[in-house]
Amino acid sequence: MLHLFREVAILHQEGKIHRALIIRVGILFVISIIIAGIVWFNVWVRDVSVINTLSLQAVGFILGLYVFSRMNIVNWNEKDEIVQAGKMDTLGYITIVLYIVFEIGLRTLFNDFYPLGATVLILAVISGTLIGRTFGIIMDIHRVFKLNHFSK
């Protein structure tokens, strides 16, 4: 997975990746790390179950990687020969609606069954989802660049 980060850095140095896409991925990653830090601080301070937190972060990561990373379209600009963020299509809008329903459903479920630790558990899922989305976007960048750059 680290080779994907190096590949994105190399693409940035070569000018083959749109700056807005790099900024978007960077901001998403920083936000996810901040939320994960808040989660683990609360686990340490408030005696929230480590196993529940790790499990929910893993579920969020998987969903973010395979489902919610579809919100962002990554494509190849043939004219400029650059990987860039594309306009959101119907699948992206459906994914946003699914994401909102998912978060509201989790919030309701956790508030009913874990009233004291609900916020921490919700943030665990959100941080996992955001980290998964970040890795999903990076994998899409890799796929789009490889498909268009090496096929010539």
# chains A, B, ... in the order shown; residues from 1 in each chain; ligands from 1
call {"tool": "residues_around", "arguments": {"residues": "Arg133 in chain A", "least_positions_apart": "2", "cutoff": "10 Å", "atoms": "only C-alpha atoms", "output": "PyMOL selection string"}}
result
chain A and resi 25+28-29+32+60-72+127-131+135-139
call {"tool": "select_by_dssp", "arguments": {"residues": "chain A", "states": "strand (DSSP E)", "output": "list of chain:residue names"}}
result
A:Val74, A:Asn75, A:Trp76, A:Asn77, A:Ile82, A:Val83, A:Gln84, A:Ala85
call {"tool": "closest_residue", "arguments": {"among": "A:Val101, A:Trp40, A:Glu14, A:Phe145", "to": "Leu121 in chain A", "atoms": "only C-alpha atoms"}}
result
A:Trp40
call {"tool": "closest_residue", "arguments": {"among": "A:Arg46, A:Arg19, A:Arg24, A:Arg6", "to": "His142 in chain A", "atoms": "only C-alpha atoms"}}
result
A:Arg6
call {"tool": "select_by_dssp", "arguments": {"residues": "range 4-80 of chain A", "states": "alpha helix (DSSP H)", "output": "ChimeraX atom specification"}}
result
/A:4-14,19-46,50-66
call {"tool": "residues_around", "arguments": {"residues": "Thr119 in chain A", "least_positions_apart": "3", "cutoff": "10 Å", "atoms": "only C-alpha atoms", "output": "count of residues only"}}
result
11
call {"tool": "atom_distance", "arguments": {"atom1": "CA of His18 in chain A", "atom2": "CA of Ile100 in chain A"}}
result
28.0 Å
call {"tool": "closest_residue", "arguments": {"among": "A:Val30, A:Asp140, A:Ile51, A:Ile82", "to": "Gly15 in chain A", "atoms": "only C-alpha atoms"}}
result
A:Ile82
call {"tool": "closest_residue", "arguments": {"among": "A:Ile73, A:Ala118, A:Ala36, A:Leu98", "to": "Leu54 in chain A", "atoms": "only C-alpha atoms"}}
result
A:Ala36
call {"tool": "atom_distance", "arguments": {"atom1": "CA of Val8 in chain A", "atom2": "CA of Ile22 in chain A"}}
result
8.4 Å
call {"tool": "decode", "arguments": {"residues": "range 110-145 of chain A", "atoms": "N, CA and C atoms", "output": "mmCIF file, in the first residue's frame"}}
result
data_model
loop_
_atom_site.group_PDB
_atom_site.id
_atom_site.type_symbol
_atom_site.label_atom_id
_atom_site.label_comp_id
_atom_site.auth_asym_id
_atom_site.auth_seq_id
_atom_site.Cartn_x
_atom_site.Cartn_y
_atom_site.Cartn_z
ATOM 1 N N PHE A 110 -26.710 3.157 17.751
ATOM 2 C CA PHE A 110 -25.783 3.295 18.874
ATOM 3 C C PHE A 110 -26.388 4.073 20.030
ATOM 4 N N ASN A 111 -27.187 5.083 19.748
ATOM 5 C CA ASN A 111 -27.832 5.826 20.834
ATOM 6 C C ASN A 111 -28.811 4.946 21.608
ATOM 7 N N ASP A 112 -29.438 3.971 20.946
ATOM 8 C CA ASP A 112 -30.363 3.062 21.617
ATOM 9 C C ASP A 112 -29.644 2.025 22.467
ATOM 10 N N PHE A 113 -28.523 1.469 21.952
ATOM 11 C CA PHE A 113 -27.873 0.360 22.631
ATOM 12 C C PHE A 113 -26.648 0.751 23.456
ATOM 13 N N TYR A 114 -25.961 1.816 23.100
ATOM 14 C CA TYR A 114 -24.767 2.268 23.816
ATOM 15 C C TYR A 114 -24.855 3.771 24.070
ATOM 16 N N PRO A 115 -25.762 4.198 24.937
ATOM 17 C CA PRO A 115 -25.981 5.646 25.077
ATOM 18 C C PRO A 115 -24.743 6.422 25.545
ATOM 19 N N LEU A 116 -23.890 5.821 26.379
ATOM 20 C CA LEU A 116 -22.739 6.563 26.883
ATOM 21 C C LEU A 116 -21.579 6.611 25.891
ATOM 22 N N GLY A 117 -21.404 5.563 25.112
ATOM 23 C CA GLY A 117 -20.285 5.518 24.182
ATOM 24 C C GLY A 117 -20.690 5.687 22.733
ATOM 25 N N ALA A 118 -21.923 6.110 22.491
ATOM 26 C CA ALA A 118 -22.436 6.188 21.116
ATOM 27 C C ALA A 118 -21.610 7.127 20.248
ATOM 28 N N THR A 119 -21.262 8.271 20.753
ATOM 29 C CA THR A 119 -20.516 9.246 19.960
ATOM 30 C C THR A 119 -19.153 8.703 19.568
ATOM 31 N N VAL A 120 -18.492 8.042 20.500
ATOM 32 C CA VAL A 120 -17.171 7.487 20.209
ATOM 33 C C VAL A 120 -17.281 6.390 19.152
ATOM 34 N N LEU A 121 -18.293 5.533 19.258
ATOM 35 C CA LEU A 121 -18.454 4.450 18.297
ATOM 36 C C LEU A 121 -18.831 4.985 16.909
ATOM 37 N N ILE A 122 -19.652 6.006 16.870
ATOM 38 C CA ILE A 122 -20.000 6.627 15.589
ATOM 39 C C ILE A 122 -18.756 7.250 14.954
ATOM 40 N N LEU A 123 -17.969 7.940 15.756
ATOM 41 C CA LEU A 123 -16.737 8.535 15.233
ATOM 42 C C LEU A 123 -15.747 7.467 14.788
ATOM 43 N N ALA A 124 -15.761 6.303 15.437
ATOM 44 C CA ALA A 124 -14.891 5.202 15.015
ATOM 45 C C ALA A 124 -15.264 4.750 13.608
ATOM 46 N N VAL A 125 -16.554 4.605 13.356
ATOM 47 C CA VAL A 125 -16.999 4.205 12.021
ATOM 48 C C VAL A 125 -16.661 5.298 11.003
ATOM 49 N N ILE A 126 -16.883 6.547 11.375
ATOM 50 C CA ILE A 126 -16.608 7.658 10.458
ATOM 51 C C ILE A 126 -15.118 7.726 10.126
ATOM 52 N N SER A 127 -14.258 7.593 11.136
ATOM 53 C CA SER A 127 -12.818 7.655 10.861
ATOM 54 C C SER A 127 -12.387 6.492 9.976
ATOM 55 N N GLY A 128 -12.899 5.298 10.241
ATOM 56 C CA GLY A 128 -12.583 4.162 9.381
ATOM 57 C C GLY A 128 -13.065 4.373 7.959
ATOM 58 N N THR A 129 -14.264 4.923 7.824
ATOM 59 C CA THR A 129 -14.830 5.187 6.507
ATOM 60 C C THR A 129 -13.994 6.212 5.741
ATOM 61 N N LEU A 130 -13.591 7.274 6.411
ATOM 62 C CA LEU A 130 -12.789 8.306 5.746
ATOM 63 C C LEU A 130 -11.413 7.789 5.345
ATOM 64 N N ILE A 131 -10.797 6.983 6.200
ATOM 65 C CA ILE A 131 -9.505 6.394 5.844
ATOM 66 C C ILE A 131 -9.692 5.446 4.655
ATOM 67 N N GLY A 132 -10.760 4.662 4.681
ATOM 68 C CA GLY A 132 -11.055 3.776 3.554
ATOM 69 C C GLY A 132 -11.298 4.544 2.271
ATOM 70 N N ARG A 133 -12.028 5.662 2.359
ATOM 71 C CA ARG A 133 -12.256 6.500 1.180
ATOM 72 C C ARG A 133 -10.946 7.039 0.637
ATOM 73 N N THR A 134 -10.053 7.455 1.535
ATOM 74 C CA THR A 134 -8.756 7.974 1.106
ATOM 75 C C THR A 134 -7.988 6.918 0.325
ATOM 76 N N PHE A 135 -7.903 5.719 0.880
ATOM 77 C CA PHE A 135 -7.186 4.646 0.193
ATOM 78 C C PHE A 135 -7.893 4.249 -1.103
ATOM 79 N N GLY A 136 -9.214 4.278 -1.111
ATOM 80 C CA GLY A 136 -9.965 3.975 -2.329
ATOM 81 C C GLY A 136 -9.679 4.968 -3.436
ATOM 82 N N ILE A 137 -9.608 6.243 -3.087
ATOM 83 C CA ILE A 137 -9.297 7.277 -4.086
ATOM 84 C C ILE A 137 -7.877 7.099 -4.605
ATOM 85 N N ILE A 138 -6.945 6.797 -3.706
ATOM 86 C CA ILE A 138 -5.560 6.587 -4.130
ATOM 87 C C ILE A 138 -5.469 5.372 -5.050
ATOM 88 N N MET A 139 -6.209 4.323 -4.747
ATOM 89 C CA MET A 139 -6.219 3.143 -5.624
ATOM 90 C C MET A 139 -6.837 3.482 -6.982
ATOM 91 N N ASP A 140 -7.856 4.344 -6.991
ATOM 92 C CA ASP A 140 -8.445 4.789 -8.259
ATOM 93 C C ASP A 140 -7.450 5.611 -9.073
ATOM 94 N N ILE A 141 -6.692 6.462 -8.397
ATOM 95 C CA ILE A 141 -5.656 7.247 -9.075
ATOM 96 C C ILE A 141 -4.659 6.302 -9.730
ATOM 97 N N HIS A 142 -4.234 5.299 -8.992
ATOM 98 C CA HIS A 142 -3.292 4.310 -9.515
ATOM 99 C C HIS A 142 -3.882 3.582 -10.724
ATOM 100 N N ARG A 143 -5.132 3.146 -10.598
ATOM 101 C CA ARG A 143 -5.786 2.400 -11.669
ATOM 102 C C ARG A 143 -5.923 3.246 -12.934
ATOM 103 N N VAL A 144 -6.395 4.479 -12.779
ATOM 104 C CA VAL A 144 -6.605 5.354 -13.941
ATOM 105 C C VAL A 144 -5.280 5.696 -14.612
ATOM 106 N N PHE A 145 -4.279 6.000 -13.830
ATOM 107 C CA PHE A 145 -2.986 6.342 -14.411
ATOM 108 C C PHE A 145 -2.376 5.139 -15.119
#
